[in-house]
file start.tsv (TSV, C-alpha atoms and all ligand atoms)
chain	number	residue	atom	x	y	z
A	1	MET	CA	-28.55	241.62	99.70
A	2	ALA	CA	-27.21	238.20	100.84
A	3	LYS	CA	-29.20	236.62	98.04
A	4	SER	CA	-27.68	238.84	95.37
A	5	LEU	CA	-24.18	238.33	96.85
A	6	ASN	CA	-24.78	234.59	96.64
A	7	LYS	CA	-25.98	234.91	93.08
A	8	ASN	CA	-22.87	236.91	92.15
A	9	LEU	CA	-20.59	234.39	93.84
A	10	HIS	CA	-22.33	231.59	92.02
A	11	LYS	CA	-21.90	233.46	88.73
A	12	ALA	CA	-18.22	234.08	89.47
A	13	ASN	CA	-17.71	230.44	90.32
A	14	LYS	CA	-19.40	229.35	87.12
A	15	ALA	CA	-17.31	231.80	85.08
A	16	LYS	CA	-14.17	230.44	86.74
A	17	LYS	CA	-15.04	226.93	85.65
A	18	ASP	CA	-15.14	228.22	82.08
A	19	GLU	CA	-11.57	229.56	82.11
A	20	PHE	CA	-9.84	226.64	80.40
A	21	TYR	CA	-7.77	227.83	77.47
A	22	THR	CA	-6.95	225.43	74.68
A	23	GLN	CA	-3.35	224.63	73.82
A	24	LEU	CA	-2.14	225.09	70.23
A	25	VAL	CA	-0.83	221.53	70.11
A	26	ASP	CA	-4.31	220.08	70.78
A	27	ILE	CA	-5.88	222.31	68.15
A	28	GLU	CA	-3.25	221.27	65.58
A	29	LYS	CA	-3.65	217.60	66.39
A	30	GLU	CA	-7.42	217.65	65.76
A	31	LEU	CA	-7.65	220.24	63.00
A	32	LYS	CA	-5.09	218.64	60.69
A	33	ARG	CA	-7.63	215.89	59.98
A	34	TYR	CA	-10.19	218.22	58.38
A	35	LYS	CA	-8.05	220.22	55.96
A	36	GLU	CA	-10.20	219.63	52.87
A	37	GLN	CA	-13.40	220.58	54.69
A	38	PHE	CA	-12.07	224.07	55.44
A	39	ARG	CA	-11.17	225.14	51.90
A	40	GLY	CA	-12.94	228.38	50.88
A	41	LYS	CA	-14.78	228.61	54.20
A	42	VAL	CA	-15.54	231.40	56.65
A	43	VAL	CA	-14.45	230.28	60.12
A	44	PHE	CA	-15.89	231.84	63.26
A	45	CYS	CA	-14.32	231.50	66.71
A	46	ASN	CA	-17.00	233.08	68.87
A	47	CYS	CA	-15.59	232.59	72.38
A	48	ASP	CA	-12.10	233.76	71.58
A	49	ASP	CA	-10.07	236.80	72.47
A	50	PRO	CA	-8.34	237.46	69.12
A	51	LYS	CA	-5.17	238.57	70.91
A	52	GLU	CA	-4.91	235.47	73.09
A	53	SER	CA	-6.78	232.54	71.58
A	54	ASN	CA	-4.79	229.65	70.15
A	55	PHE	CA	-7.71	228.94	67.80
A	56	VAL	CA	-7.19	232.38	66.28
A	57	LYS	CA	-3.46	231.77	66.18
A	58	TYR	CA	-3.96	228.41	64.44
A	59	PHE	CA	-6.35	229.72	61.79
A	60	SER	CA	-4.35	232.87	61.06
A	61	MET	CA	-1.07	230.95	60.78
A	62	ASN	CA	-2.73	228.39	58.51
A	63	PHE	CA	-5.05	230.77	56.67
A	64	GLU	CA	-3.37	230.36	53.28
A	65	HIS	CA	-2.52	226.69	53.81
A	66	LEU	CA	-6.17	225.84	54.54
A	67	GLY	CA	-7.40	228.17	51.79
A	68	LEU	CA	-9.80	229.97	54.14
A	69	LYS	CA	-12.01	232.77	52.89
A	70	LYS	CA	-12.27	234.63	56.18
A	71	LEU	CA	-11.56	234.24	59.89
A	72	ILE	CA	-13.82	235.96	62.40
A	73	ALA	CA	-13.22	235.93	66.14
A	74	THR	CA	-15.12	237.63	68.92
A	75	HIS	CA	-14.01	238.32	72.43
A	76	TYR	CA	-16.35	238.13	75.39
A	77	LYS	CA	-16.15	240.72	78.10
A	78	GLU	CA	-18.82	240.98	80.72
A	79	ALA	CA	-20.28	244.47	81.03
A	80	ASN	CA	-18.23	246.22	83.70
A	81	LEU	CA	-19.30	249.52	85.22
A	82	PHE	CA	-15.72	250.35	86.19
A	83	THR	CA	-13.64	249.73	83.10
A	84	GLN	CA	-16.12	250.62	80.31
A	85	GLU	CA	-13.74	248.75	78.01
A	86	SER	CA	-15.43	247.11	75.06
A	87	PRO	CA	-14.38	243.78	73.68
A	88	TYR	CA	-13.14	243.53	70.13
A	89	LYS	CA	-13.64	241.40	67.10
A	90	LEU	CA	-11.32	240.25	64.40
A	91	GLU	CA	-12.22	239.92	60.73
A	92	TYR	CA	-9.21	238.56	58.89
A	93	THR	CA	-9.12	237.93	55.17
A	94	GLY	CA	-5.51	236.91	54.78
A	95	ASP	CA	-1.96	238.07	55.17
A	96	LYS	CA	-1.09	241.46	53.74
A	97	ASN	CA	2.46	242.01	55.00
A	98	ASN	CA	3.96	238.50	55.04
A	99	ASN	CA	3.98	238.01	58.80
A	100	ARG	CA	1.15	235.44	58.71
A	101	MET	CA	-0.52	237.19	61.64
A	102	PRO	CA	-3.59	239.39	61.84
A	103	ASP	CA	-2.14	242.72	62.96
A	104	PRO	CA	-4.47	244.33	65.51
A	105	ASP	CA	-4.57	247.75	63.83
A	106	GLU	CA	-5.50	246.27	60.51
A	107	PHE	CA	-8.18	243.78	61.42
A	108	MET	CA	-9.57	244.42	64.89
A	109	THR	CA	-12.48	246.66	65.69
A	110	LYS	CA	-14.42	247.35	68.87
A	111	MET	CA	-17.69	245.57	69.42
A	112	ILE	CA	-20.98	247.12	70.40
A	113	SER	CA	-22.07	244.21	72.56
A	114	THR	CA	-20.26	242.27	75.30
A	115	GLY	CA	-19.34	239.67	72.69
A	116	ASP	CA	-21.82	237.20	74.15
A	117	PHE	CA	-22.30	234.49	71.51
A	118	ARG	CA	-26.07	234.98	71.94
A	119	SER	CA	-25.98	238.73	71.23
A	120	GLU	CA	-27.49	240.10	68.04
A	121	GLU	CA	-24.09	241.31	66.93
A	122	CYS	CA	-22.55	237.83	67.28
A	123	ILE	CA	-25.53	236.13	65.68
A	124	GLU	CA	-25.15	238.39	62.63
A	125	LEU	CA	-21.52	237.22	62.39
A	126	LEU	CA	-22.63	233.63	62.92
A	127	LYS	CA	-24.89	233.94	59.89
A	128	GLN	CA	-21.84	234.79	57.74
A	129	ALA	CA	-19.89	231.79	59.02
A	130	ASP	CA	-19.59	228.35	57.47
A	131	ILE	CA	-17.81	226.59	60.33
A	132	VAL	CA	-17.66	227.53	64.01
A	133	VAL	CA	-14.58	226.30	65.85
A	134	THR	CA	-13.85	226.91	69.51
A	135	ASN	CA	-13.86	225.70	73.08
A	136	PRO	CA	-17.04	227.36	74.40
A	137	PRO	CA	-17.94	227.97	78.08
A	138	PHE	CA	-18.94	224.61	79.46
A	139	SER	CA	-21.57	226.15	81.70
A	140	LEU	CA	-23.47	227.23	78.57
A	141	PHE	CA	-22.78	224.15	76.45
A	142	ARG	CA	-26.42	223.11	75.84
A	143	GLU	CA	-27.42	226.60	74.79
A	144	TYR	CA	-24.29	226.96	72.70
A	145	VAL	CA	-24.92	223.77	70.71
A	146	ALA	CA	-28.64	224.54	70.36
A	147	GLN	CA	-27.77	227.87	68.72
A	148	LEU	CA	-25.43	226.21	66.23
A	149	ILE	CA	-28.09	223.63	65.34
A	150	GLU	CA	-30.76	226.32	65.02
A	151	HIS	CA	-28.59	228.23	62.56
A	152	LYS	CA	-27.65	225.03	60.72
A	153	LYS	CA	-23.94	225.64	61.13
A	154	LYS	CA	-21.07	223.25	60.75
A	155	PHE	CA	-18.96	223.17	63.89
A	156	LEU	CA	-15.97	221.64	65.63
A	157	ILE	CA	-15.93	222.39	69.34
A	158	ILE	CA	-14.42	221.11	72.55
A	159	GLY	CA	-16.76	219.91	75.27
A	160	ASN	CA	-16.88	217.69	78.28
A	161	THR	CA	-17.66	214.03	77.63
A	162	ASN	CA	-20.33	214.32	80.34
A	163	ALA	CA	-22.30	216.43	77.87
A	164	LEU	CA	-23.10	213.17	76.07
A	165	THR	CA	-25.37	212.33	78.95
A	166	TYR	CA	-27.45	215.51	78.49
A	167	LYS	CA	-30.67	214.52	76.86
A	168	GLU	CA	-30.44	217.27	74.20
A	169	ILE	CA	-26.89	216.26	73.22
A	170	PHE	CA	-27.61	212.53	73.36
A	171	LYS	CA	-30.54	213.04	70.99
A	172	LEU	CA	-28.25	214.76	68.49
A	173	ILE	CA	-25.84	211.82	68.67
A	174	LYS	CA	-28.68	209.31	68.31
A	175	ASP	CA	-30.06	211.20	65.30
A	176	ASN	CA	-26.60	211.26	63.76
A	177	LYS	CA	-26.43	215.07	63.82
A	178	ILE	CA	-23.20	215.22	65.79
A	179	HIS	CA	-20.35	212.86	66.64
A	180	THR	CA	-17.04	212.95	68.44
A	181	GLY	CA	-13.87	214.17	66.74
A	182	TYR	CA	-10.57	212.37	66.12
A	183	THR	CA	-8.73	213.02	69.39
A	184	ASN	CA	-9.25	209.98	71.57
A	185	PHE	CA	-12.14	210.27	73.89
A	186	ASN	CA	-11.50	209.55	77.55
A	187	VAL	CA	-7.75	210.18	77.51
A	188	GLY	CA	-8.25	213.72	78.76
A	189	MET	CA	-6.77	217.00	77.59
A	190	PHE	CA	-4.55	219.64	79.16
A	191	PHE	CA	-5.65	223.27	79.26
A	192	ILE	CA	-4.02	226.56	80.22
A	193	VAL	CA	-5.69	227.94	83.35
A	194	PRO	CA	-5.50	231.41	84.95
A	195	ASN	CA	-2.41	232.25	86.95
A	196	ASP	CA	-4.26	232.56	90.24
A	197	TRP	CA	-5.47	228.92	90.12
A	198	GLU	CA	-4.12	226.85	92.94
A	199	LYS	CA	-4.97	223.47	91.47
A	200	PHE	CA	-3.04	222.60	88.33
A	201	HIS	CA	-1.04	219.71	86.89
A	202	HIS	CA	2.22	221.39	85.80
A	203	ILE	CA	3.74	224.63	84.52
A	204	ASP	CA	4.70	224.66	80.82
A	205	LYS	CA	7.88	226.10	79.32
A	206	ASN	CA	6.18	229.48	78.86
A	207	GLY	CA	5.24	229.66	82.53
A	208	ASN	CA	1.55	228.85	81.96
A	209	LYS	CA	-0.31	226.81	84.54
A	210	ILE	CA	-1.67	223.68	82.90
A	211	ALA	CA	-4.56	221.63	84.28
A	212	ARG	CA	-5.82	218.25	83.11
A	213	VAL	CA	-9.48	217.64	82.33
A	214	SER	CA	-9.88	213.89	82.09
A	215	THR	CA	-13.27	214.18	80.43
A	216	SER	CA	-12.76	216.36	77.35
A	217	CYS	CA	-13.45	215.63	73.75
A	218	TRP	CA	-14.29	217.27	70.43
A	219	PHE	CA	-17.84	217.40	69.14
A	220	THR	CA	-18.51	218.03	65.48
A	221	ASN	CA	-20.86	217.64	62.56
A	222	LEU	CA	-17.98	217.72	60.06
A	223	GLU	CA	-17.07	214.41	58.46
A	224	VAL	CA	-14.97	212.20	60.72
A	225	GLY	CA	-13.52	209.11	59.07
A	226	LYS	CA	-13.52	206.93	62.17
A	227	HIS	CA	-17.31	207.06	62.37
A	228	LYS	CA	-17.42	205.41	58.95
A	229	GLU	CA	-15.27	202.48	60.02
A	230	HIS	CA	-16.83	199.31	61.36
A	231	ILE	CA	-15.84	198.14	64.84
A	232	ILE	CA	-14.21	194.74	64.33
A	233	LEU	CA	-16.19	192.26	66.41
A	234	TYR	CA	-14.69	188.89	67.24
A	235	LYS	CA	-16.63	187.57	70.24
A	236	LYS	CA	-19.61	185.20	70.05
A	237	TYR	CA	-22.64	185.53	72.28
A	238	ASN	CA	-23.10	183.22	75.29
A	239	SER	CA	-25.52	183.82	78.13
A	240	ASP	CA	-22.92	183.38	80.91
A	241	GLU	CA	-20.65	186.14	79.72
A	242	TYR	CA	-23.44	188.53	78.69
A	243	PRO	CA	-26.10	188.74	81.41
A	244	LYS	CA	-29.43	190.43	80.75
A	245	TYR	CA	-30.66	193.53	82.59
A	246	ASP	CA	-33.39	193.20	85.23
A	247	ASN	CA	-35.43	195.97	83.69
A	248	TYR	CA	-34.82	195.77	79.91
A	249	ASP	CA	-34.58	192.96	77.40
A	250	ALA	CA	-30.94	193.55	76.51
A	251	ILE	CA	-27.53	192.04	77.31
A	252	ASN	CA	-24.78	193.92	79.12
A	253	VAL	CA	-21.33	194.45	77.58
A	254	ASN	CA	-18.57	196.07	79.63
A	255	LYS	CA	-16.20	197.02	76.76
A	256	TYR	CA	-17.37	198.00	73.29
A	257	ALA	CA	-14.68	195.69	71.80
A	258	ASP	CA	-16.50	192.74	73.42
A	259	ILE	CA	-19.82	193.33	71.62
A	260	PRO	CA	-20.77	189.84	70.39
A	261	CYS	CA	-20.78	189.73	66.59
A	262	ASN	CA	-23.82	187.45	66.34
A	263	TYR	CA	-26.28	189.00	68.81
A	264	GLU	CA	-29.43	190.23	67.15
A	265	GLY	CA	-31.21	191.84	70.10
A	266	VAL	CA	-30.49	195.00	72.09
A	267	ILE	CA	-27.05	195.41	73.70
A	268	GLY	CA	-26.04	197.76	76.52
A	269	VAL	CA	-22.59	199.30	76.01
A	270	PRO	CA	-20.49	201.85	77.92
A	271	ILE	CA	-20.46	205.47	76.82
A	272	THR	CA	-17.01	205.06	75.19
A	273	PHE	CA	-18.88	203.30	72.37
A	274	ILE	CA	-19.98	206.73	71.14
A	275	ASP	CA	-16.41	207.49	70.12
A	276	LYS	CA	-16.45	204.51	67.73
A	277	TYR	CA	-20.10	204.67	66.71
A	278	ASN	CA	-20.77	204.08	63.02
A	279	PRO	CA	-24.47	204.59	62.20
A	280	GLU	CA	-24.07	202.22	59.23
A	281	GLN	CA	-23.19	199.38	61.59
A	282	PHE	CA	-25.27	200.17	64.69
A	283	GLU	CA	-28.46	201.86	65.68
A	284	ILE	CA	-28.80	203.65	69.04
A	285	VAL	CA	-32.02	202.57	70.72
A	286	LYS	CA	-32.07	204.29	74.08
A	287	PHE	CA	-29.95	205.76	76.83
A	288	ARG	CA	-29.46	204.54	80.35
A	289	LYS	CA	-33.00	203.70	81.46
A	290	GLY	CA	-34.90	200.44	81.52
A	291	ASP	CA	-38.61	199.87	80.86
A	292	ASP	CA	-39.40	201.12	84.37
A	293	ASP	CA	-37.54	204.39	83.63
A	294	LYS	CA	-34.92	203.54	86.26
A	295	ASP	CA	-31.21	203.05	85.55
A	296	LEU	CA	-30.42	199.70	83.93
A	297	SER	CA	-29.54	197.09	86.56
A	298	ILE	CA	-28.22	193.52	86.69
A	299	ASN	CA	-29.25	191.46	89.72
A	300	GLY	CA	-30.03	194.69	91.52
A	301	LYS	CA	-26.62	196.26	90.76
A	302	PHE	CA	-26.17	199.24	88.47
A	303	PRO	CA	-23.32	199.20	85.96
A	304	TYR	CA	-22.16	202.67	84.94
A	305	PHE	CA	-24.34	204.47	82.35
A	306	ARG	CA	-25.15	202.23	79.43
A	307	ILE	CA	-26.28	203.04	75.92
A	308	LEU	CA	-28.65	200.55	74.34
A	309	ILE	CA	-27.73	199.70	70.76
A	310	LYS	CA	-28.55	197.17	68.04
A	311	ASN	CA	-26.23	195.73	65.46
A	312	LYS	CA	-27.83	196.50	62.07
A	313	LYS	CA	-25.77	193.84	60.34
A	314	VAL	CA	-26.97	190.84	62.37
A	315	GLY	CA	-29.99	188.92	61.14
A	316	LYS	CA	-29.98	190.52	57.70
A	401	LIG	C1	-13.35	227.32	78.00
A	401	LIG	S1	-12.89	228.99	77.72
A	401	LIG	C2	-12.05	228.81	76.18
A	401	LIG	C3	-11.51	230.06	75.60
A	401	LIG	C4	-10.98	229.87	74.17
A	401	LIG	N1	-12.07	229.54	73.28
A	401	LIG	C5	-9.94	228.79	74.15
A	401	LIG	O1	-10.25	227.69	73.73
A	401	LIG	O2	-8.81	229.03	74.58
A	401	LIG	C6	-14.46	229.67	77.32
A	401	LIG	C7	-14.42	231.16	77.04
A	401	LIG	O3	-15.76	231.61	76.76
A	401	LIG	C8	-15.91	232.90	77.29
A	401	LIG	N2	-17.35	233.11	77.52
A	401	LIG	C9	-18.05	232.94	78.66
A	401	LIG	N3	-19.35	233.25	78.45
A	401	LIG	C10	-19.47	233.61	77.15
A	401	LIG	C11	-20.55	234.04	76.35
A	401	LIG	N4	-21.77	234.16	76.86
A	401	LIG	N5	-20.31	234.34	75.05
A	401	LIG	C12	-19.06	234.21	74.52
A	401	LIG	N6	-17.99	233.79	75.24
A	401	LIG	C13	-18.19	233.51	76.54
A	401	LIG	C14	-15.10	232.90	78.56
A	401	LIG	O4	-14.68	234.20	78.87
A	401	LIG	C15	-13.92	231.99	78.20
A	401	LIG	O5	-12.84	232.75	77.77
call {"tool": "encode", "arguments": {"input": "start.tsv", "output": "structure tokens"}}
result
Amino acid sequence: MAKSLNKNLHKANKAKKDEFYTQLVDIEKELKRYKEQFRGKVVFCNCDDPKESNFVKYFSMNFEHLGLKKLIATHYKEANLFTQESPYKLEYTGDKNNNRMPDPDEFMTKMISTGDFRSEECIELLKQADIVVTNPPFSLFREYVAQLIEHKKKFLIIGNTNALTYKEIFKLIKDNKIHTGYTNFNVGMFFIVPNDWEKFHHIDKNGNKIARVSTSCWFTNLEVGKHKEHIILYKKYNSDEYPKYDNYDAINVNKYADIPCNYEGVIGVPITFIDKYNPEQFEIVKFRKGDDDKDLSINGKFPYFRILIKNKKVGK
């Protein structure tokens, strides 16, 4: 009994951590950079209550402007013995009555499943989609991304920058299968949180509680111009400024802007490098660990996580 109570509490806690709702302004800021990539596409928001989600609001308001073919959104509702209420899905193919909104009676239908993105019903919808766009539950982030990759979908999703340190996600970055979006990494984002939350940053003009997550960013496999730009390097290598690690033949750099332009060997850089990473200019060699499989260290001290890279342009 105590065990199952514990399990339920743990589940509730986990679910609570997932209740961060994205603000329209943040969606607009990122999405406006991809306009051409959305033309003629079917967009799927698969963690989004069609009546509440700002992703749904953004895509329905901009449906004609973006030239979308279809917008699908599914709402997740855990099976509940008491309410028996089913979640609903939206399938919107454009404005019919000039209000630029998907009217519930016209486009929403009840779902058979709970709306879990892993359910058969949602996977069938995923198959129809060209691009998946949402802020998925962080507690299921690995599984969520794995499903998108398995189904070879294009996506633009919000995640926590810590996800970069997951070995599955890091591998995708290293293999150039995903990269960060346009919104600056490491500046943090503000999200709408449930009314009963005690910890929040401020209340917005609509009375919503807003909390800051300092480690949020967009992950995507759509084209992002900044990952095609070269980082301008102006520093020259010298052994005093760039010490080597104890356990790997590489130099340490504390800011990606200080990467020496003439160093041919392996360089350890902070994780913020990922936000500027251009696979044409650099190659990612390894993450975090030295030859002894322990964290990279300098004179016995451990700098924060480092990514080991090589400049492809030096020595050629
Ligand atoms: C971080 S919130 C973001 C909600 C919305 N996408 C937004 O950006 O405002 C994640 C949402 O995923 C929902 N969710 C949790 N588990 C899910 C699952 N297995 N399948 C689909 N959605 C799920 C949660 O109810 C929550 O509303």
call {"tool": "residues_around", "arguments": {"input": "start.tsv", "residues": "Lys35 of chain A", "least_positions_apart": "5", "cutoff": "10 Å", "atoms": "only C-alpha atoms", "output": "number ranges by chain"}}
result
A: 65-67
call {"tool": "closest_atom_pairs", "arguments": {"input": "start.tsv", "of": "chain A", "to": "ligand LIG 401 (chain A)", "cutoff": "7 Å", "atoms": "all atoms listed in the file", "output": "Markdown table"}}
result
| residue | atom | partner | partner_atom | distance |
| --- | --- | --- | --- | --- |
| A:Ala15 | CA | A:LIG401 | C9 | 6.6 |
| A:Asp18 | CA | A:LIG401 | C1 | 4.5 |
| A:Glu19 | CA | A:LIG401 | S1 | 4.6 |
| A:Phe20 | CA | A:LIG401 | C1 | 4.3 |
| A:Tyr21 | CA | A:LIG401 | O2 | 3.3 |
| A:Thr22 | CA | A:LIG401 | O2 | 4.1 |
| A:Asn46 | CA | A:LIG401 | C12 | 6.1 |
| A:Cys47 | CA | A:LIG401 | N6 | 3.9 |
| A:Asp48 | CA | A:LIG401 | N1 | 4.5 |
| A:Ser53 | CA | A:LIG401 | O2 | 5.0 |
| A:Asn54 | CA | A:LIG401 | O2 | 6.0 |
| A:Phe55 | CA | A:LIG401 | O1 | 6.6 |
| A:His75 | CA | A:LIG401 | N6 | 6.7 |
| A:Tyr76 | CA | A:LIG401 | N6 | 4.6 |
| A:Lys77 | CA | A:LIG401 | O4 | 6.7 |
| A:Gly115 | CA | A:LIG401 | C12 | 5.8 |
| A:Asp116 | CA | A:LIG401 | N5 | 3.4 |
| A:Phe117 | CA | A:LIG401 | N5 | 4.1 |
| A:Arg118 | CA | A:LIG401 | N5 | 6.6 |
| A:Thr134 | CA | A:LIG401 | N1 | 4.9 |
| A:Asn135 | CA | A:LIG401 | O1 | 4.2 |
| A:Pro136 | CA | A:LIG401 | C6 | 4.5 |
| A:Pro137 | CA | A:LIG401 | C6 | 3.9 |
| A:Phe138 | CA | A:LIG401 | C1 | 6.4 |
call {"tool": "closest_residue", "arguments": {"input": "start.tsv", "among": "A:Asn247, A:Thr93, A:Ser239, A:Asn160", "to": "Val213 of chain A", "atoms": "only C-alpha atoms"}}
result
A:Asn160
call {"tool": "closest_residue", "arguments": {"input": "start.tsv", "among": "A:Lys110, A:Lys174, A:His201, A:Lys301", "to": "Ser214 of chain A", "atoms": "all atoms listed in the file"}}
result
A:His201
call {"tool": "residues_around", "arguments": {"input": "start.tsv", "residues": "Asp103 of chain A", "least_positions_apart": "4", "cutoff": "10 Å", "atoms": "all atoms listed in the file", "output": "NGL selection string"}}
result
:A and (51 or 90 or 92 or 95-97 or 99 or 107-108)
call {"tool": "closest_residue", "arguments": {"input": "start.tsv", "among": "A:Glu91, A:Asp204, A:Glu283, A:Glu264", "to": "Val42 of chain A", "atoms": "only C-alpha atoms"}}
result
A:Glu91
call {"tool": "atom_distance", "arguments": {"input": "start.tsv", "atom1": "atom CA of Asp246 of chain A", "atom2": "atom CA of Glu280 of chain A"}}
result
29.1 Å
call {"tool": "residues_around", "arguments": {"input": "start.tsv", "residues": "Phe287 of chain A", "least_positions_apart": "6", "cutoff": "7 Å", "atoms": "only C-alpha atoms", "output": "number ranges by chain"}}
result
A: 306-308
call {"tool": "closest_residue", "arguments": {"input": "start.tsv", "among": "A:Gly225, A:Gly265, A:Gly290, A:Pro279", "to": "Tyr245 of chain A", "atoms": "all atoms listed in the file"}}
result
A:Gly290
call {"tool": "closest_residue", "arguments": {"input": "start.tsv", "among": "A:Ile210, A:Ala73, A:Val56, A:Ile298", "to": "Pro243 of chain A", "atoms": "all atoms listed in the file"}}
result
A:Ile298
call {"tool": "atom_distance", "arguments": {"input": "start.tsv", "atom1": "atom CA of Ser86 of chain A", "atom2": "atom CA of Asn62 of chain A"}}
result
28.0 Å
call {"tool": "atom_distance", "arguments": {"input": "start.tsv", "atom1": "atom CA of Ile203 of chain A", "atom2": "atom CA of Lys17 of chain A"}}
result
19.0 Å
call {"tool": "residues_around", "arguments": {"input": "start.tsv", "residues": "segment 32-34 of chain A", "least_positions_apart": "3", "cutoff": "9 Å", "atoms": "only C-alpha atoms", "output": "list in words"}}
result
Ile27, Glu28, Lys29, Gln37, Phe38, Tyr182, Leu222, Glu223 and Val224 of chain A
call {"tool": "axis_aligned_box", "arguments": {"input": "start.tsv", "around": "segment 68-74 of chain A", "padding_each_side": "5 Å", "output": "JSON"}}
result
{"center_x": -12.5, "center_y": 233.8, "center_z": 60.9, "size_x": 15.3, "size_y": 17.7, "size_z": 26.0}
call {"tool": "closest_residue", "arguments": {"input": "start.tsv", "among": "A:Ile158, A:Ile131, A:Lys70, A:Ser297", "to": "Glu30 of chain A", "atoms": "all atoms listed in the file"}}
result
A:Ile158
call {"tool": "residues_around", "arguments": {"input": "start.tsv", "residues": "segment 162-170 of chain A", "least_positions_apart": "4", "cutoff": "12 Å", "atoms": "only C-alpha atoms", "output": "PyMOL selection string"}}
result
chain A and resi 138-146+149+158+174-180+185-186+213-220+270-275+284-289+304-307
